[in-house]
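File shown: final_23.txt (compact mmCIF, C-alpha atoms and all ligand atoms).
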# COMPACT_ATOMS: atom_id res chain seq x y z
CA MET M 1 81.92 110.06 127.84
CA ASP M 2 83.75 106.97 126.69
CA ARG M 3 87.34 107.09 125.47
CA ARG M 4 86.43 107.28 121.77
CA ASN M 5 84.17 110.23 122.39
CA PHE M 6 86.74 111.79 124.63
CA LEU M 7 89.39 111.50 121.92
CA HIS M 8 86.97 112.91 119.38
CA ALA M 9 86.27 115.82 121.69
CA ALA M 10 90.00 116.27 122.20
CA VAL M 11 90.62 116.46 118.46
CA VAL M 12 87.77 118.90 117.94
CA GLY M 13 89.02 120.90 120.87
CA ALA M 14 92.54 120.90 119.49
CA ILE M 15 91.30 122.19 116.15
CA ALA M 16 89.24 124.85 117.87
CA THR M 17 92.26 126.07 119.79
CA SER M 18 94.66 125.90 116.85
CA ALA M 19 96.73 123.25 118.63
CA VAL M 20 96.49 120.97 115.61
CA PRO M 21 100.19 120.94 114.66
CA VAL M 22 101.20 119.84 118.16
CA PHE M 23 98.52 117.17 118.31
CA LEU M 24 99.32 115.78 114.87
CA ALA M 25 103.03 115.87 115.57
CA GLY M 26 102.36 113.53 118.49
CA CYS M 27 100.30 111.19 116.32
CA ALA M 28 102.81 111.16 113.50
CA ARG M 29 105.72 109.86 115.57
CA THR M 30 107.03 106.65 114.14
CA SER M 31 108.47 103.76 116.06
CA THR M 32 112.13 104.02 116.95
CA VAL M 33 112.87 100.69 115.27
CA PRO M 34 112.86 100.97 111.48
CA THR M 35 110.76 98.27 109.87
CA ARG M 36 111.95 96.69 106.67
CA ARG M 37 109.54 95.44 104.06
CA ALA M 38 108.26 91.95 104.80
CA SER M 39 109.56 90.71 101.44
CA ASP M 40 113.10 91.92 102.16
CA PRO M 41 115.40 88.95 102.83
CA SER M 42 116.79 90.99 105.70
CA PHE M 43 113.32 91.37 107.27
CA ARG M 44 112.97 89.77 110.66
CA ALA M 45 109.76 89.44 112.60
CA ASP M 46 112.02 90.58 115.45
CA ASP M 47 112.07 93.99 113.77
CA VAL M 48 108.42 94.26 114.74
CA LEU M 49 108.74 92.48 118.08
CA ARG M 50 111.30 95.12 119.07
CA GLN M 51 108.96 97.97 118.26
CA THR M 52 107.75 100.17 121.09
CA TYR M 53 104.81 102.54 121.19
CA PRO M 54 103.76 103.98 118.82
CA PHE M 55 103.75 100.78 116.77
CA SER M 56 103.82 100.82 112.99
CA LEU M 57 102.64 98.55 110.19
CA PRO M 58 105.47 96.94 108.21
CA ALA M 59 105.14 97.35 104.47
CA LEU M 60 104.20 94.15 102.68
CA GLY M 61 106.89 94.82 100.07
CA TYR M 62 105.37 92.55 97.43
CA ASP M 63 102.38 92.66 95.17
CA TYR M 64 98.97 91.74 96.56
CA ALA M 65 98.66 89.34 93.62
CA ALA M 66 101.98 87.62 94.36
CA VAL M 67 100.36 84.79 96.29
CA GLN M 68 97.64 84.03 93.73
CA PRO M 69 96.03 81.63 93.25
CA ALA M 70 96.62 80.38 96.79
CA ILE M 71 95.45 83.74 98.17
CA ASP M 72 93.65 86.28 95.99
CA ALA M 73 94.84 89.86 95.71
CA MET M 74 91.73 91.34 97.31
CA THR M 75 92.15 89.17 100.39
CA MET M 76 95.84 90.08 100.67
CA SER M 77 95.02 93.76 100.32
CA ILE M 78 92.26 93.78 102.93
CA HIS M 79 94.21 91.49 105.23
CA HIS M 80 97.35 93.62 105.34
CA ASP M 81 96.01 97.14 104.78
CA LYS M 82 92.84 96.85 106.88
CA HIS M 83 93.01 93.98 109.36
CA HIS M 84 96.68 94.16 110.31
CA ALA M 85 96.55 97.96 110.24
CA ALA M 86 93.58 97.91 112.61
CA TYR M 87 95.49 95.81 115.15
CA VAL M 88 98.31 98.38 115.07
CA THR M 89 95.91 101.31 115.42
CA ASN M 90 93.97 99.68 118.24
CA LEU M 91 97.15 98.72 120.10
CA ASN M 92 98.36 102.31 119.88
CA THR M 93 95.00 103.57 121.11
CA ALA M 94 95.11 101.20 124.08
CA LEU M 95 98.60 102.34 125.09
CA GLN M 96 97.85 106.03 124.62
CA THR M 97 96.63 106.15 128.23
CA GLN M 98 99.38 103.86 129.60
CA PRO M 99 102.71 105.74 129.75
CA ALA M 100 104.22 102.95 131.88
CA LEU M 101 103.75 100.53 128.97
CA GLN M 102 104.95 102.80 126.19
CA GLY M 103 108.59 101.90 126.64
CA LYS M 104 107.97 98.16 126.48
CA THR M 105 108.65 96.26 123.30
CA LEU M 106 105.90 94.30 121.63
CA ARG M 107 107.58 91.08 122.71
CA GLU M 108 107.82 92.30 126.31
CA LEU M 109 104.15 93.22 126.34
CA LEU M 110 103.07 89.82 124.99
CA THR M 111 105.31 87.81 127.30
CA SER M 112 104.20 89.69 130.44
CA LEU M 113 100.48 90.15 129.91
CA ASP M 114 99.91 89.44 133.60
CA THR M 115 101.63 92.73 134.42
CA VAL M 116 99.51 94.73 131.99
CA PRO M 117 96.72 96.63 133.79
CA ASP M 118 93.27 95.02 133.65
CA ALA M 119 91.87 98.00 131.76
CA VAL M 120 93.96 97.31 128.67
CA ARG M 121 95.10 93.68 129.05
CA ASP M 122 92.56 92.26 126.58
CA ALA M 123 93.30 95.04 124.10
CA VAL M 124 97.04 94.36 124.32
CA ARG M 125 96.56 90.61 124.11
CA ASN M 126 94.29 90.81 121.06
CA ASN M 127 95.80 93.72 119.17
CA GLY M 128 99.40 93.22 120.22
CA GLY M 129 99.03 89.55 119.36
CA GLY M 130 97.45 90.48 116.05
CA HIS M 131 100.33 92.83 115.22
CA ALA M 132 102.98 90.22 116.10
CA ASN M 133 101.24 87.28 114.43
CA HIS M 134 100.70 89.08 111.13
CA ALA M 135 104.25 90.45 111.14
CA MET M 136 105.41 86.83 111.34
CA LEU M 137 103.02 85.78 108.54
CA TRP M 138 103.90 88.18 105.71
CA PRO M 139 107.50 87.01 105.14
CA LEU M 140 106.20 83.44 104.88
CA LEU M 141 104.07 84.45 101.90
CA ALA M 142 106.74 86.50 100.12
CA PRO M 143 107.28 85.23 96.58
CA GLY M 144 110.46 83.35 95.82
CA GLY M 145 112.61 81.58 98.34
CA ALA M 146 113.02 77.88 98.97
CA LYS M 147 109.87 75.80 98.48
CA ALA M 148 110.91 73.14 100.99
CA PRO M 149 113.03 73.01 104.15
CA THR M 150 116.71 72.11 103.87
CA GLY M 151 119.71 71.66 106.11
CA ALA M 152 119.38 71.75 109.89
CA LEU M 153 115.72 72.74 109.70
CA LEU M 154 114.92 69.74 107.52
CA ASP M 155 116.82 67.51 109.94
CA ALA M 156 114.80 68.88 112.87
CA ILE M 157 111.51 68.44 111.02
CA THR M 158 112.41 64.91 109.95
CA SER M 159 113.47 64.02 113.47
CA GLU M 160 110.22 65.27 114.99
CA PHE M 161 107.64 64.41 112.33
CA GLY M 162 109.31 61.82 110.10
CA SER M 163 108.95 63.98 107.00
CA THR M 164 108.07 67.47 105.81
CA ALA M 165 104.78 66.09 104.46
CA ASN M 166 103.88 64.81 107.92
CA CYS M 167 104.73 68.19 109.45
CA LEU M 168 102.52 69.99 106.93
CA ALA M 169 99.72 67.49 107.55
CA ALA M 170 99.94 68.21 111.27
CA LEU M 171 99.81 71.97 110.62
CA LYS M 172 96.75 71.48 108.43
CA ALA M 173 95.03 69.24 110.97
CA ALA M 174 95.60 71.75 113.77
CA GLY M 175 94.31 74.57 111.58
CA VAL M 176 91.22 72.68 110.55
CA ALA M 177 90.52 71.65 114.15
CA GLN M 178 90.87 75.18 115.57
CA PHE M 179 87.30 76.12 116.50
CA GLY M 180 86.48 79.62 115.31
CA SER M 181 89.26 82.10 114.69
CA GLY M 182 92.90 81.40 115.36
CA TRP M 183 96.22 80.22 114.04
CA THR M 184 98.13 77.02 113.39
CA TRP M 185 101.82 77.11 114.30
CA LEU M 186 105.14 75.33 113.99
CA VAL M 187 107.19 76.37 116.98
CA ARG M 188 110.58 75.62 118.46
CA ASP M 189 110.36 75.47 122.22
CA VAL M 190 113.05 76.50 124.68
CA THR M 191 114.54 72.98 124.63
CA GLY M 192 114.90 73.12 120.84
CA SER M 193 112.07 70.67 120.13
CA LEU M 194 109.66 71.39 117.30
CA SER M 195 105.93 71.05 117.72
CA VAL M 196 102.68 71.98 116.04
CA ARG M 197 100.04 73.81 118.00
CA SER M 198 97.09 76.09 117.47
CA THR M 199 95.91 79.16 119.31
CA PRO M 200 92.51 80.87 119.45
CA ASN M 201 91.92 84.48 118.37
CA GLN M 202 95.21 86.41 118.27
CA ASP M 203 96.89 84.52 121.11
CA THR M 204 100.50 83.96 120.21
CA PRO M 205 102.98 81.19 121.09
CA LEU M 206 105.45 83.98 121.90
CA ALA M 207 103.65 84.32 125.22
CA ASN M 208 105.13 80.93 126.19
CA ASP M 209 108.64 81.93 125.08
CA ALA M 210 108.36 79.69 122.05
CA ARG M 211 110.15 80.66 118.87
CA VAL M 212 107.67 80.83 116.02
CA LEU M 213 108.95 79.13 112.89
CA LEU M 214 105.76 79.51 110.91
CA GLY M 215 102.16 80.38 111.51
CA VAL M 216 99.13 80.31 109.24
CA ASP M 217 96.12 82.48 109.92
CA VAL M 218 92.83 80.54 109.99
CA TRP M 219 90.57 83.51 110.68
CA GLU M 220 87.84 83.69 108.04
CA HIS M 221 89.20 87.08 106.97
CA ALA M 222 92.28 85.21 105.70
CA TYR M 223 90.40 83.09 103.17
CA TYR M 224 86.65 83.60 103.03
CA LEU M 225 86.42 85.64 99.80
CA ALA M 226 87.91 82.82 97.73
CA TYR M 227 87.32 79.72 99.82
CA GLN M 228 84.15 80.47 101.83
CA ASP M 229 83.84 77.55 104.29
CA ARG M 230 86.62 75.44 102.71
CA ARG M 231 89.34 76.13 105.27
CA ALA M 232 91.07 72.83 104.53
CA ASP M 233 91.48 73.76 100.85
CA TYR M 234 92.90 77.15 101.84
CA LEU M 235 95.40 75.45 104.16
CA ASP M 236 96.47 73.03 101.43
CA ALA M 237 97.09 75.94 99.06
CA VAL M 238 98.95 78.16 101.52
CA LEU M 239 101.11 75.41 102.99
CA ALA M 240 102.24 74.58 99.44
CA VAL M 241 103.58 78.08 98.71
CA LEU M 242 105.43 78.93 101.92
CA ASN M 243 108.74 80.74 101.62
CA TRP M 244 110.96 78.32 103.53
CA ASP M 245 113.84 80.78 103.55
CA ALA M 246 111.74 82.80 105.99
CA VAL M 247 111.13 79.69 108.11
CA THR M 248 114.84 78.95 108.11
CA ARG M 249 115.67 82.47 109.26
CA ALA M 250 113.26 82.05 112.16
CA TYR M 251 114.67 78.62 112.99
CA GLU M 252 118.23 79.88 113.02
CA GLY M 253 117.17 82.92 114.99
CA SER M 254 119.18 85.14 112.75
MN MN M 301 94.59 87.81 109.93
Starting from the coordinates I provided, produce the structure as structure tokens.
Ligand code: MN
Amino acid sequence: MDRRNFLHAAVVGAIATSAVPVFLAGCARTSTVPTRRASDPSFRADDVLRQTYPFSLPALGYDYAAVQPAIDAMTMSIHHDKHHAAYVTNLNTALQTQPALQGKTLRELLTSLDTVPDAVRDAVRNNGGGHANHAMLWPLLAPGGAKAPTGALLDAITSEFGSTANCLAALKAAGVAQFGSGWTWLVRDVTGSLSVRSTPNQDTPLANDARVLLGVDVWEHAYYLAYQDRRADYLDAVLAVLNWDAVTRAYEGS
């Protein structure tokens, strides 16, 4: 019997023995760290990175149509409510059998994957990474906010790339060049330097202790309904509507 069948049998068994309230009470526990809506100016991706098992999906906090026409409402809905939710569910399922990991924060799990048991390492890497990466994405798409970097962030971008346009071009190029599924990122490394990089699948720059300033999802599920194979067009559209207040908050680490 594999784990899924075992869990199914456990649920059926629990129902049969009238232990349902106890079982459901265990499932219904919410994370100890309250998660603000992603659109809330006080939202921090750190809110999610500080979560421990059982992990929870942060509310989007804005309308699925808010990012149109760059991203259509159906894509936003499926992306948040189905794809991100599935990463959370699958991460919780993986940790159900790992009490030693249940007290670790999401950030701790992702920055110490080598200490995660073989049996669940890939599940934590993929689903924990998926949870973290999407939690960092939603505030960047929240309507409103600055439409270009300013202040110290602009200075850092100008110093590294010459201009904001060059930085965005580098993000686009990395996203277009990422073979298959992945992400394109602007990160601030431990020395304070900015750089653009890409990662495959749900690998996250957090694993290298980098601070994520912004990340754009280049999985087909992020754009295929409206853009089909035109990933470059999707990147142009998304990079033009970023909420730079969210990027600034990440840069300042506040
Ligand atoms: Mn995604």
Residues of chain M at most 9 Å from ligand MN 301 (chain M): nearest atom pair and distance in Å, all atoms listed in the file, as CSV:
residue,atom,partner,partner_atom,distance
M:His79,CA,M:MN301,MN,6.0
M:His80,CA,M:MN301,MN,7.9
M:His83,CA,M:MN301,MN,6.4
M:His84,CA,M:MN301,MN,6.7
M:Gly130,CA,M:MN301,MN,7.3
M:Asn133,CA,M:MN301,MN,8.0
M:His134,CA,M:MN301,MN,6.4
M:Leu137,CA,M:MN301,MN,8.8
M:Gly182,CA,M:MN301,MN,8.6
M:Trp183,CA,M:MN301,MN,8.8
M:Gln202,CA,M:MN301,MN,8.5
M:Val216,CA,M:MN301,MN,8.8
M:Asp217,CA,M:MN301,MN,5.5
M:Val218,CA,M:MN301,MN,7.5
M:Trp219,CA,M:MN301,MN,5.9
M:Glu220,CA,M:MN301,MN,8.1
M:His221,CA,M:MN301,MN,6.2
M:Ala222,CA,M:MN301,MN,5.5
Could you turn the residues from that selection into a file that holds C-alpha atoms, as an mmCIF file, in the coordinates of the input?
data_model
loop_
_atom_site.group_PDB
_atom_site.id
_atom_site.type_symbol
_atom_site.label_atom_id
_atom_site.label_comp_id
_atom_site.auth_asym_id
_atom_site.auth_seq_id
_atom_site.Cartn_x
_atom_site.Cartn_y
_atom_site.Cartn_z
ATOM 1 C CA HIS M 79 94.210 91.490 105.230
ATOM 2 C CA HIS M 80 97.350 93.620 105.340
ATOM 3 C CA HIS M 83 93.010 93.980 109.360
ATOM 4 C CA HIS M 84 96.680 94.160 110.310
ATOM 5 C CA GLY M 130 97.450 90.480 116.050
ATOM 6 C CA ASN M 133 101.240 87.280 114.430
ATOM 7 C CA HIS M 134 100.700 89.080 111.130
ATOM 8 C CA LEU M 137 103.020 85.780 108.540
ATOM 9 C CA GLY M 182 92.900 81.400 115.360
ATOM 10 C CA TRP M 183 96.220 80.220 114.040
ATOM 11 C CA GLN M 202 95.210 86.410 118.270
ATOM 12 C CA VAL M 216 99.130 80.310 109.240
ATOM 13 C CA ASP M 217 96.120 82.480 109.920
ATOM 14 C CA VAL M 218 92.830 80.540 109.990
ATOM 15 C CA TRP M 219 90.570 83.510 110.680
ATOM 16 C CA GLU M 220 87.840 83.690 108.040
ATOM 17 C CA HIS M 221 89.200 87.080 106.970
ATOM 18 C CA ALA M 222 92.280 85.210 105.700
#
Go through M:Ala148, M:Val48, M:Val176, M:Leu186 one by one, measure the shortest atom-to-atom distance of each to Asp233 of chain M using all atoms listed in the file, and give the residue with the smallest value.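 Of all the options, M:Val176 lies closest to Asp233 of chain M.
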Which value, in Å to one decimal, gives the distance between atom CA of Ala123 of chain M and atom CA of Thr97 of chain M?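 Spanning atom CA of Ala123 of chain M to atom CA of Thr97 of chain M is a straight-line distance of 12.3 Å.
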Shortest interatomic distance to Ala85 of chain M - which of M:Ala135, M:Leu101, M:Val116, M:Leu154, counting all atoms listed in the file: M:Ala135
Neighbour list for Pro69 of chain M as an MDAnalysis selection string, cut-off 10 Å, only C-alpha atoms, skip fewer than 6 positions in-chain: chainID M and resid 226 237:238 241
Just how far from atom CA of Ala210 of chain M is atom CA of Pro139 of chain M, in Å to one decimal? 18.4 Å
Residues of segment 193-243 of chain M at most 12 Å from segment 105-109 of chain M: nearest atom pair and distance in Å, all atoms listed in the file, as JSON lines:
{"residue": "M:Thr204", "atom": "CA", "partner": "M:Arg107", "partner_atom": "CA", "distance": 10.3}
{"residue": "M:Pro205", "atom": "CA", "partner": "M:Arg107", "partner_atom": "CA", "distance": 11.0}
{"residue": "M:Leu206", "atom": "CA", "partner": "M:Arg107", "partner_atom": "CA", "distance": 7.5}
{"residue": "M:Ala207", "atom": "CA", "partner": "M:Arg107", "partner_atom": "CA", "distance": 8.2}
{"residue": "M:Asn208", "atom": "CA", "partner": "M:Arg107", "partner_atom": "CA", "distance": 11.0}
{"residue": "M:Asp209", "atom": "CA", "partner": "M:Arg107", "partner_atom": "CA", "distance": 9.5}
{"residue": "M:Ala210", "atom": "CA", "partner": "M:Arg107", "partner_atom": "CA", "distance": 11.4}
{"residue": "M:Arg211", "atom": "CA", "partner": "M:Arg107", "partner_atom": "CA", "distance": 11.4}
Pairwise distance for atom CA of Phe55 of chain M and atom CA of Val88 of chain M, rounded to one decimal in Å: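 Going from atom CA of Phe55 of chain M over to atom CA of Val88 of chain M covers 6.2 Å.
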Which residues, written as a PDB file with C-alpha atoms, keeping the file's coordinate frame, have at least one atom at most 9 Å from Met74 of chain M, with all atoms listed in the file counted and residues fewer than 5 positions away on the same chain left out?
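File written: selection16.pdb
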ATOM      1  CA  TYR M  64      98.970  91.740  96.560  1.00  0.00           C
ATOM      2  CA  ALA M  65      98.660  89.340  93.620  1.00  0.00           C
ATOM      3  CA  HIS M  79      94.210  91.490 105.230  1.00  0.00           C
ATOM      4  CA  LEU M 225      86.420  85.640  99.800  1.00  0.00           C
TER       5      LEU M 225
END
Could you pull the residues within 12 Å of Ala177 of chain M, counting all atoms listed in the file, minus those fewer than 5 positions along the same chain, as an NGL selection string? :M and (170-172 or 182-184 or 197-200 or 218 or 231-232 or 235)
Restricting to all atoms listed in the file, whichever of M:Leu60, M:Phe179, M:Val187, M:Val120 is closest to Ile78 of chain M is M:Leu60
For Leu95 of chain M, find every residue with an atom within 9 Å (counting only C-alpha atoms), except residues of its own chain fewer than 5 positions away, and show them as a ChimeraX atom specification. /M:53-54,90,100-102,120,124
Which of these residues is nearest to Glu252 of chain M, using only C-alpha atoms: M:Ala59, M:Leu91, M:Ala165, M:Leu153?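 Smallest separation from Glu252 of chain M among the options: M:Leu153.
Using all atoms listed in the file, the smallest distance between any of M:Gln51, M:Thr75, M:Thr164, M:Ser112 and Asn92 of chain M comes from M:Gln51.
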Any idea what's packed within 12 Å of Ser193 of chain M, counting all atoms listed in the file, ignoring anything in its chain fewer than 3 positions away? Could you give it as a PyMOL selection string? chain M and resi 153+155-161+186-190+196+210-213+251
